[in-house]
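model.txt follows; it contains compact mmCIF, C-alpha atoms.
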# COMPACT_ATOMS: atom_id res chain seq x y z
CA MET A 1 78.66 91.15 144.39
CA MET A 2 77.22 90.61 140.90
CA ILE A 3 76.61 93.31 138.31
CA THR A 4 73.07 93.09 136.94
CA ALA A 5 71.64 94.54 133.75
CA GLN A 6 69.72 97.01 135.88
CA GLN A 7 72.94 98.20 137.52
CA SER A 8 74.91 98.62 134.31
CA SER A 9 74.33 97.73 130.66
CA ALA A 10 77.95 98.49 129.74
CA PRO A 11 79.38 94.95 130.13
CA ARG A 12 76.59 93.49 128.00
CA ARG A 13 77.21 96.04 125.23
CA GLN A 14 80.99 95.97 125.56
CA LEU A 15 81.99 92.30 125.27
CA ASN A 16 81.94 91.86 129.06
CA LEU A 17 84.21 94.86 129.58
CA ALA A 18 83.67 97.97 131.71
CA THR A 19 85.61 101.03 132.79
CA ARG A 20 86.02 102.10 136.39
CA HIS A 21 83.88 105.17 135.66
CA GLN A 22 81.06 102.98 134.33
CA LEU A 23 81.20 100.63 137.30
CA THR A 24 81.23 103.37 139.95
CA THR A 25 78.47 105.25 138.12
CA ALA A 26 76.44 102.02 138.27
CA GLY A 27 76.90 101.95 142.04
CA VAL A 28 79.80 99.51 142.42
CA PRO A 29 82.03 100.66 145.33
CA GLY A 30 85.71 101.15 144.61
CA GLY A 31 86.57 98.58 147.28
CA THR A 32 84.49 95.95 145.51
CA ILE A 33 86.31 96.61 142.24
CA THR A 34 89.65 96.23 144.01
CA SER A 35 88.71 93.01 145.78
CA ARG A 36 87.22 91.36 142.68
CA THR A 37 90.33 92.09 140.58
CA ARG A 38 92.81 90.61 143.03
CA PRO A 39 94.74 87.49 141.87
CA GLY A 40 92.28 84.62 141.66
CA GLY A 41 89.28 86.96 141.67
CA PRO A 42 86.41 86.80 139.15
CA TRP A 43 87.43 90.00 137.33
CA GLN A 44 90.62 91.06 135.58
CA ARG A 45 92.28 94.44 135.14
CA LEU A 46 93.33 94.55 131.47
CA LEU A 47 94.42 98.19 131.36
CA PRO A 48 94.38 101.10 133.80
CA ARG A 49 90.71 101.68 134.70
CA VAL A 50 89.52 98.94 132.28
CA TYR A 51 88.22 95.60 133.58
CA LEU A 52 87.20 92.26 132.08
CA LEU A 53 84.29 90.86 134.06
CA GLN A 54 85.12 87.20 133.56
CA THR A 55 87.72 84.68 134.67
CA GLY A 56 88.80 83.37 131.25
CA PRO A 57 91.46 85.06 129.12
CA PRO A 58 90.38 87.88 126.78
CA ASP A 59 90.07 87.19 123.08
CA ARG A 60 91.30 89.46 120.27
CA ARG A 61 88.07 91.47 120.13
CA GLN A 62 88.08 92.09 123.86
CA ARG A 63 91.70 93.24 123.81
CA ALA A 64 90.97 95.59 120.92
CA LEU A 65 87.88 97.04 122.61
CA SER A 66 89.73 97.43 125.92
CA ALA A 67 92.17 99.75 124.13
CA VAL A 68 89.26 101.92 122.95
CA LEU A 69 87.72 101.95 126.44
CA TYR A 70 91.04 103.05 127.89
CA ALA A 71 91.40 105.90 125.38
CA ALA A 72 87.81 107.16 125.28
CA GLU A 73 86.76 110.12 127.41
CA PRO A 74 85.21 108.68 130.59
CA THR A 75 81.90 110.51 130.38
CA VAL A 76 81.22 109.72 126.71
CA ASP A 77 79.83 106.44 125.37
CA PRO A 78 83.02 104.68 124.19
CA LEU A 79 81.10 102.77 121.51
CA SER A 80 80.09 106.01 119.78
CA GLY A 81 83.49 106.47 118.13
CA ASP A 82 83.37 110.17 119.01
CA THR A 83 86.43 110.35 121.27
CA ALA A 84 88.38 107.14 120.55
CA ALA A 85 88.59 104.78 117.58
CA LEU A 86 90.80 101.80 116.81
CA THR A 87 93.11 102.35 113.84
CA GLY A 88 96.38 101.15 112.32
CA GLY A 89 97.40 97.51 112.41
CA ALA A 90 94.91 96.59 115.14
CA ALA A 91 91.97 97.81 113.04
CA LEU A 92 93.32 96.05 109.96
CA ALA A 93 93.77 92.81 111.92
CA LEU A 94 90.05 92.91 112.81
CA LEU A 95 89.32 93.00 109.09
CA GLY A 96 91.43 89.90 108.53
CA ILE A 97 94.44 91.59 106.94
CA ARG A 98 97.22 89.04 107.10
CA ASP A 99 100.28 89.92 109.20
CA ALA A 100 98.78 93.22 110.40
CA PRO A 101 100.19 93.80 113.92
CA ASP A 102 97.49 94.17 116.56
CA THR A 103 99.80 94.99 119.49
CA PRO A 104 100.29 97.67 120.58
CA ALA A 105 96.86 98.84 119.50
CA ASP A 106 96.82 102.28 117.89
CA VAL A 107 93.82 104.33 119.02
CA LEU A 108 92.92 107.76 117.66
CA ILE A 109 91.97 110.47 120.15
CA ARG A 110 91.05 114.06 119.39
CA ALA A 111 93.86 116.60 119.56
CA PRO A 112 94.88 118.49 121.63
CA ARG A 113 93.90 115.88 124.19
CA ARG A 114 96.83 113.85 125.49
CA LEU A 115 96.83 110.41 127.05
CA ALA A 116 99.66 108.31 128.42
CA GLY A 117 100.39 105.20 126.41
CA THR A 118 100.89 101.68 127.74
CA PRO A 119 102.72 98.65 126.32
CA GLU A 120 99.36 97.56 124.89
CA VAL A 121 97.95 100.90 123.69
CA ARG A 122 99.39 103.78 121.62
CA PRO A 123 97.10 106.83 121.68
CA LEU A 124 97.38 108.89 118.48
CA PRO A 125 96.13 112.47 118.84
CA THR A 126 94.74 113.84 115.57
CA SER A 127 93.13 117.05 114.38
CA ARG A 128 91.71 115.19 111.33
CA TRP A 129 88.99 113.21 113.03
CA PRO A 130 87.69 110.64 110.54
CA ARG A 131 84.33 109.11 109.91
CA THR A 132 84.23 105.98 112.05
CA ILE A 133 82.58 102.59 111.60
CA THR A 134 81.92 99.61 113.84
CA VAL A 135 83.88 96.43 113.14
CA SER A 136 82.91 93.40 115.22
CA GLY A 137 81.44 95.71 117.86
CA ILE A 138 84.52 97.94 118.06
CA PRO A 139 84.64 101.63 116.98
CA SER A 140 87.26 101.81 114.24
CA THR A 141 88.48 104.06 111.48
CA ARG A 142 87.59 103.14 107.92
CA PRO A 143 90.11 100.76 106.29
CA VAL A 144 91.72 103.49 104.19
CA ARG A 145 92.52 105.59 107.27
CA ALA A 146 93.62 102.54 109.25
CA ALA A 147 96.04 101.65 106.45
CA ALA A 148 97.49 105.16 106.41
CA ASP A 149 97.87 105.22 110.19
CA PHE A 150 99.58 101.82 110.02
CA ALA A 151 102.03 103.11 107.40
CA SER A 152 102.79 106.17 109.52
CA ARG A 153 104.09 103.95 112.34
CA ALA A 154 105.72 101.15 110.30
CA GLU A 155 109.43 101.16 109.52
CA ASP A 156 110.03 98.00 107.47
CA PRO A 157 109.53 98.81 103.75
CA ASP A 158 108.51 95.22 102.96
CA ARG A 159 105.92 95.24 105.75
CA ILE A 160 104.50 98.52 104.43
CA ARG A 161 104.40 97.15 100.88
CA SER A 162 102.80 93.89 101.92
CA THR A 163 100.17 95.29 104.28
CA LEU A 164 99.00 98.10 101.99
CA ALA A 165 98.79 95.63 99.11
CA HIS A 166 96.70 93.24 101.22
CA VAL A 167 94.28 96.04 102.13
CA VAL A 168 93.71 96.87 98.46
CA GLN A 169 93.73 93.24 97.31
CA ALA A 170 91.07 92.35 99.89
CA GLY A 171 88.85 95.08 98.46
CA TRP A 172 88.75 97.31 101.54
CA CYS A 173 89.76 100.41 99.57
CA HIS A 174 90.73 101.53 96.09
CA PRO A 175 94.39 102.44 95.45
CA HIS A 176 93.40 105.97 94.40
CA ASP A 177 91.58 106.52 97.70
CA LEU A 178 94.55 105.14 99.63
CA HIS A 179 96.92 107.42 97.71
CA ALA A 180 94.73 110.41 98.55
CA GLU A 181 94.65 109.46 102.25
CA LEU A 182 98.42 109.04 102.35
CA ARG A 183 98.79 112.46 100.75
CA ALA A 184 96.37 114.04 103.24
CA SER A 185 98.37 112.45 106.05
CA ARG A 186 101.59 113.90 104.54
CA LEU A 187 103.13 110.46 104.30
CA LEU A 188 104.12 110.44 100.63
CA ALA A 189 107.35 112.23 101.52
CA ARG A 190 108.59 108.92 102.96
CA PRO A 191 110.26 106.93 100.14
CA ALA A 192 108.98 103.51 101.25
CA ILE A 193 105.36 104.71 101.49
CA ARG A 194 105.56 106.67 98.24
CA ALA A 195 106.94 103.60 96.43
CA ALA A 196 104.25 101.32 97.85
CA ALA A 197 101.49 103.76 96.85
CA ALA A 198 102.91 104.10 93.33
CA GLU A 199 102.95 100.32 92.91
CA LEU A 200 99.30 100.06 93.91
CA LEU A 201 98.36 102.77 91.41
CA ALA A 202 100.21 100.77 88.76
CA GLY A 203 98.10 97.72 89.57
CA ILE A 204 100.44 95.86 91.92
CA ARG A 205 98.50 93.85 94.50
CA SER A 206 101.13 91.87 96.45
CA ILE A 207 104.73 92.10 97.57
CA ALA A 208 105.62 89.31 95.13
CA GLU A 209 104.20 91.41 92.29
CA ALA A 210 106.10 94.42 93.61
CA ARG A 211 109.35 92.45 93.49
CA ALA A 212 108.52 91.26 89.97
CA ARG A 213 107.92 94.87 88.94
CA ASP A 214 111.29 95.86 90.42
CA ALA A 215 113.01 93.11 88.46
CA LEU A 216 111.23 94.01 85.20
CA THR A 217 111.94 97.72 85.60
CA ALA A 218 115.67 96.98 85.58
CA THR A 219 115.43 95.29 82.13
CA ASP A 220 114.56 96.34 78.59
CA LEU A 221 111.46 94.14 78.52
CA PRO A 222 108.15 95.80 77.65
CA THR A 223 106.03 97.13 80.49
CA PRO A 224 103.10 94.80 81.27
CA LEU A 225 99.60 95.48 82.53
CA TRP A 226 99.19 94.45 86.16
CA ASN A 227 96.07 92.53 87.23
CA ALA A 228 94.26 93.32 83.99
CA ARG A 229 90.97 91.50 83.51
CA LEU A 230 90.92 89.31 80.41
CA HIS A 231 87.66 88.41 78.66
CA THR A 232 86.74 86.16 75.76
CA PRO A 233 85.37 87.82 72.59
CA ASP A 234 81.80 87.23 73.81
CA GLY A 235 82.55 89.12 77.05
CA THR A 236 82.97 86.13 79.38
CA PHE A 237 85.56 86.71 82.11
CA LEU A 238 88.63 84.56 81.52
CA ALA A 239 91.27 85.35 84.15
CA SER A 240 93.25 88.16 85.75
CA PRO A 241 96.95 87.27 85.50
CA ASP A 242 99.41 89.08 87.72
CA ALA A 243 101.15 90.61 84.70
CA TYR A 244 100.06 90.59 81.05
CA TRP A 245 101.70 91.77 77.84
CA PRO A 246 98.75 92.37 75.46
CA ASP A 247 100.79 92.92 72.29
CA GLU A 248 102.69 89.67 72.80
CA GLY A 249 99.96 87.61 74.47
CA VAL A 250 102.21 86.59 77.38
CA ALA A 251 101.15 86.31 81.02
CA LEU A 252 103.06 86.00 84.30
CA GLU A 253 101.28 84.06 87.05
CA ILE A 254 102.76 84.23 90.56
CA ASP A 255 101.37 81.19 92.34
CA SER A 256 101.83 81.04 96.11
CA ALA A 257 102.49 77.63 97.65
CA GLU A 258 100.44 78.79 100.67
CA TYR A 259 97.39 79.10 98.46
CA HIS A 260 97.94 75.64 96.99
CA TYR A 261 97.82 73.66 100.21
CA THR A 262 94.58 72.03 99.06
CA ARG A 263 94.07 69.90 95.97
CA ASP A 264 91.05 71.96 94.90
CA ALA A 265 93.07 75.18 94.96
CA TRP A 266 95.83 73.58 92.92
CA HIS A 267 93.31 72.27 90.38
CA ALA A 268 91.73 75.73 90.14
CA THR A 269 95.13 77.20 89.28
CA LEU A 270 95.74 74.57 86.60
CA ARG A 271 92.30 75.18 85.10
CA ARG A 272 92.96 78.92 84.99
CA ARG A 273 96.22 78.30 83.14
CA LEU A 274 94.50 75.94 80.69
CA ARG A 275 91.87 78.61 79.98
CA LEU A 276 94.58 81.15 79.24
CA GLU A 277 96.52 78.78 77.00
CA SER A 278 93.39 77.68 75.16
CA HIS A 279 92.96 81.29 74.05
CA GLY A 280 96.50 81.56 72.75
CA ILE A 281 98.17 83.13 75.80
CA LEU A 282 101.67 81.96 76.72
CA VAL A 283 102.06 81.61 80.49
CA VAL A 284 105.12 81.81 82.73
CA SER A 285 104.40 80.48 86.23
CA ALA A 286 106.57 81.33 89.23
CA THR A 287 106.33 81.26 93.02
CA PRO A 288 107.00 84.29 95.25
CA SER A 289 110.25 82.65 96.38
CA MET A 290 111.40 82.36 92.76
CA ILE A 291 110.68 86.05 92.23
CA ARG A 292 112.64 86.84 95.39
CA ASP A 293 115.57 84.42 95.09
CA THR A 294 116.04 83.66 91.38
CA PRO A 295 114.47 86.53 89.43
CA THR A 296 116.94 86.09 86.53
CA GLU A 297 115.44 82.68 85.73
CA VAL A 298 111.93 84.12 85.64
CA LEU A 299 113.07 87.01 83.46
CA ALA A 300 114.81 84.62 81.07
CA ALA A 301 111.61 82.60 80.65
CA LEU A 302 109.60 85.77 80.03
CA ARG A 303 112.14 87.04 77.51
CA THR A 304 111.96 83.77 75.59
CA LEU A 305 108.15 83.77 75.38
CA LEU A 306 107.99 87.47 74.52
CA THR A 307 110.40 86.79 71.66
CA LEU A 308 108.54 83.68 70.47
CA SER A 309 105.23 85.50 70.40
CA ALA A 310 106.36 87.72 67.53
CA SER A 311 106.42 84.75 65.13
CA ARG A 312 103.14 83.15 66.19
CA PRO A 313 100.66 82.83 63.33
CA THR A 314 97.56 83.14 65.56
CA PRO A 315 97.25 86.00 68.08
CA PRO A 316 95.43 85.53 71.39
CA THR A 317 91.64 85.72 71.26
CA VAL A 318 91.04 87.84 74.37
CA MET A 319 89.93 91.34 75.25
CA VAL A 320 91.72 93.32 77.97
CA ARG A 321 89.98 95.43 80.55
CA GLY A 322 91.62 97.40 83.32
CA HIS A 323 91.50 96.78 87.04
CA VAL A 324 87.99 97.07 88.46
CA GLN A 325 87.56 98.60 91.91
CA LEU A 326 86.31 96.12 94.47
CA ALA A 327 83.25 97.28 96.36
CA LEU A 328 83.70 98.21 100.03
CA PRO A 329 81.52 95.88 102.11
CA LEU A 330 78.52 97.58 103.69
CA GLU A 331 79.19 98.96 107.14
CA GLY A 332 76.38 96.91 108.57
CA ARG A 333 78.21 93.75 107.56
CA LEU A 334 81.57 94.68 109.11
Transcribe the structure of this file into structure tokens.
Amino acid sequence: MMITAQQSSAPRRQLNLATRHQLTTAGVPGGTITSRTRPGGPWQRLLPRVYLLQTGPPDRRQRALSAVLYAAEPTVDPLSGDTAALTGGAALALLGIRDAPDTPADVLIRAPRRLAGTPEVRPLPTSRWPRTITVSGIPSTRPVRAAADFASRAEDPDRIRSTLAHVVQAGWCHPHDLHAELRASRLLARPAIRAAAAELLAGIRSIAEARARDALTATDLPTPLWNARLHTPDGTFLASPDAYWPDEGVALEIDSAEYHYTRDAWHATLRRRLRLESHGILVVSATPSMIRDTPTEVLAALRTLLTLSASRPTPPTVMVRGHVQLALPLEGRL
């Protein structure tokens, strides 16, 4: 038996997925559902009462949407985002946040409703129902709420630091908005989350920068500006070094080997350093592994340049501007 568009529009709207309620409402007998989802059949049961109407394996989007279909109230359109919405690491993974865990998928449901979890789905009842958006066809919380819900379930401080920094660095939310969401979620009482939020407010945008900040805080070196935007005297944007000491004209650049896999990326980094040096800025370059494994060597290089800068006859010819909030992409483009 084939499901036609006249019988049910759900699979077409839902990435070839349907719930048992949708199928039976469309006139598909329960026995047909059972027979077509047997081993070797044309359909697959992904979750209790959620079926993939194809023989091939589900992709990431289909797995994410199946979690929402499982959690949504049966009689409500699951794509509306009114009774279930993807959040946490699974929602962040859809946005391309590196290392965000997408399994199990966290799905918000409205409290006091309760729903049994599965190895693939963690229902999260909430009385603070958020404004929802659609990401790749899947009802999801906004990035700032997804980040907070991720932090609420994460235990590894480095994973919390890294993921929250990636969310801000990618421009999905401003650190002040994230701080406010973490406060509203009563998560700032947790030391790891409070520390990560404080770093983002200070301008930290990666775990490597956070480690550099930890190392610098333990010394008597001056406090730098993090991710400040440097401009030439005529207002042309110059660069945004990871850390910058404006009084001394010294910059710290943390260059990831992962970013430099291509020759063009490596050349872009060298050109950025040349631009900084051509305007009188002294640059210390380090990799994230150097910051992690040999921070004393990086600190020694910084101390030397900060000391040398005091005797330089010509100060840097740059203007410093603070971190500029990245615009949240329009919902229609998500």
Quiz item: So how far away is CA of Val167 in chain A from CA of Thr118 in chain A, in Å?
Solution: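 Separating CA of Thr118 in chain A from CA of Val167 in chain A is a distance of 27.0 Å.
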Practice problem: Rounded to one decimal place, report the CA of Thr37 in chain A-CA of Arg49 in chain A distance in Å. | Solution: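 Here the two named atoms are 11.3 Å from each other.
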Exercise. Return the single residue from A:Arg186, A:Arg229, A:Arg145, A:Arg63 that is closest to Ala243 in chain A, with distances computed using only C-alpha atoms.
Key: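 Closest to Ala243 in chain A, using only C-alpha atoms: A:Arg229.
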Practice problem: Rank A:Leu187, A:Ala71, A:Ala300, A:Ala148 by their smallest atom-to-atom distance to Leu124 in chain A, using all atoms listed in the file, and report the top residue only. | Solution: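 Smallest distance to Leu124 in chain A is found for A:Ala71.
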Quiz item: Mind pulling up the distance from CA of Val135 in chain A to CA of Gly56 in chain A?
Solution: 22.9 Å
From the block you just saw, export range 11-24 of chain A: N, CA and C atoms, as an mmCIF file, in the first residue's frame.
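Below is the file out.cif, written as the result:
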data_model
loop_
_atom_site.group_PDB
_atom_site.id
_atom_site.type_symbol
_atom_site.label_atom_id
_atom_site.label_comp_id
_atom_site.auth_asym_id
_atom_site.auth_seq_id
_atom_site.Cartn_x
_atom_site.Cartn_y
_atom_site.Cartn_z
ATOM 1 N N PRO A 11 4.168 13.191 5.384
ATOM 2 C CA PRO A 11 5.508 12.780 4.961
ATOM 3 C C PRO A 11 6.189 13.807 4.057
ATOM 4 N N ARG A 12 5.429 14.418 3.161
ATOM 5 C CA ARG A 12 6.009 15.403 2.255
ATOM 6 C C ARG A 12 6.513 16.622 3.007
ATOM 7 N N ARG A 13 5.797 17.038 4.048
ATOM 8 C CA ARG A 13 6.189 18.207 4.845
ATOM 9 C C ARG A 13 7.241 17.860 5.887
ATOM 10 N N GLN A 14 7.370 16.607 6.214
ATOM 11 C CA GLN A 14 8.170 16.189 7.365
ATOM 12 C C GLN A 14 9.351 15.294 6.983
ATOM 13 N N LEU A 15 10.009 15.600 5.882
ATOM 14 C CA LEU A 15 11.231 14.891 5.484
ATOM 15 C C LEU A 15 11.004 13.386 5.368
ATOM 16 N N ASN A 16 9.835 13.006 4.867
ATOM 17 C CA ASN A 16 9.478 11.599 4.670
ATOM 18 C C ASN A 16 9.276 10.856 5.995
ATOM 19 N N LEU A 17 8.857 11.599 7.001
ATOM 20 C CA LEU A 17 8.561 11.026 8.316
ATOM 21 C C LEU A 17 7.075 11.188 8.613
ATOM 22 N N ALA A 18 6.547 10.296 9.451
ATOM 23 C CA ALA A 18 5.153 10.402 9.881
ATOM 24 C C ALA A 18 4.988 9.705 11.216
ATOM 25 N N THR A 19 4.027 10.184 12.005
ATOM 26 C CA THR A 19 3.709 9.524 13.267
ATOM 27 C C THR A 19 2.591 8.505 13.035
ATOM 28 N N ARG A 20 2.441 7.614 13.978
ATOM 29 C CA ARG A 20 1.354 6.634 13.867
ATOM 30 C C ARG A 20 0.001 7.329 13.835
ATOM 31 N N HIS A 21 -0.149 8.391 14.643
ATOM 32 C CA HIS A 21 -1.418 9.123 14.651
ATOM 33 C C HIS A 21 -1.700 9.716 13.277
ATOM 34 N N GLN A 22 -0.688 10.288 12.627
ATOM 35 C CA GLN A 22 -0.893 10.878 11.313
ATOM 36 C C GLN A 22 -1.259 9.825 10.274
ATOM 37 N N LEU A 23 -0.610 8.679 10.351
ATOM 38 C CA LEU A 23 -0.888 7.618 9.374
ATOM 39 C C LEU A 23 -2.289 7.047 9.549
ATOM 40 N N THR A 24 -2.679 6.760 10.789
ATOM 41 C CA THR A 24 -4.016 6.191 11.003
ATOM 42 C C THR A 24 -5.091 7.211 10.689
#
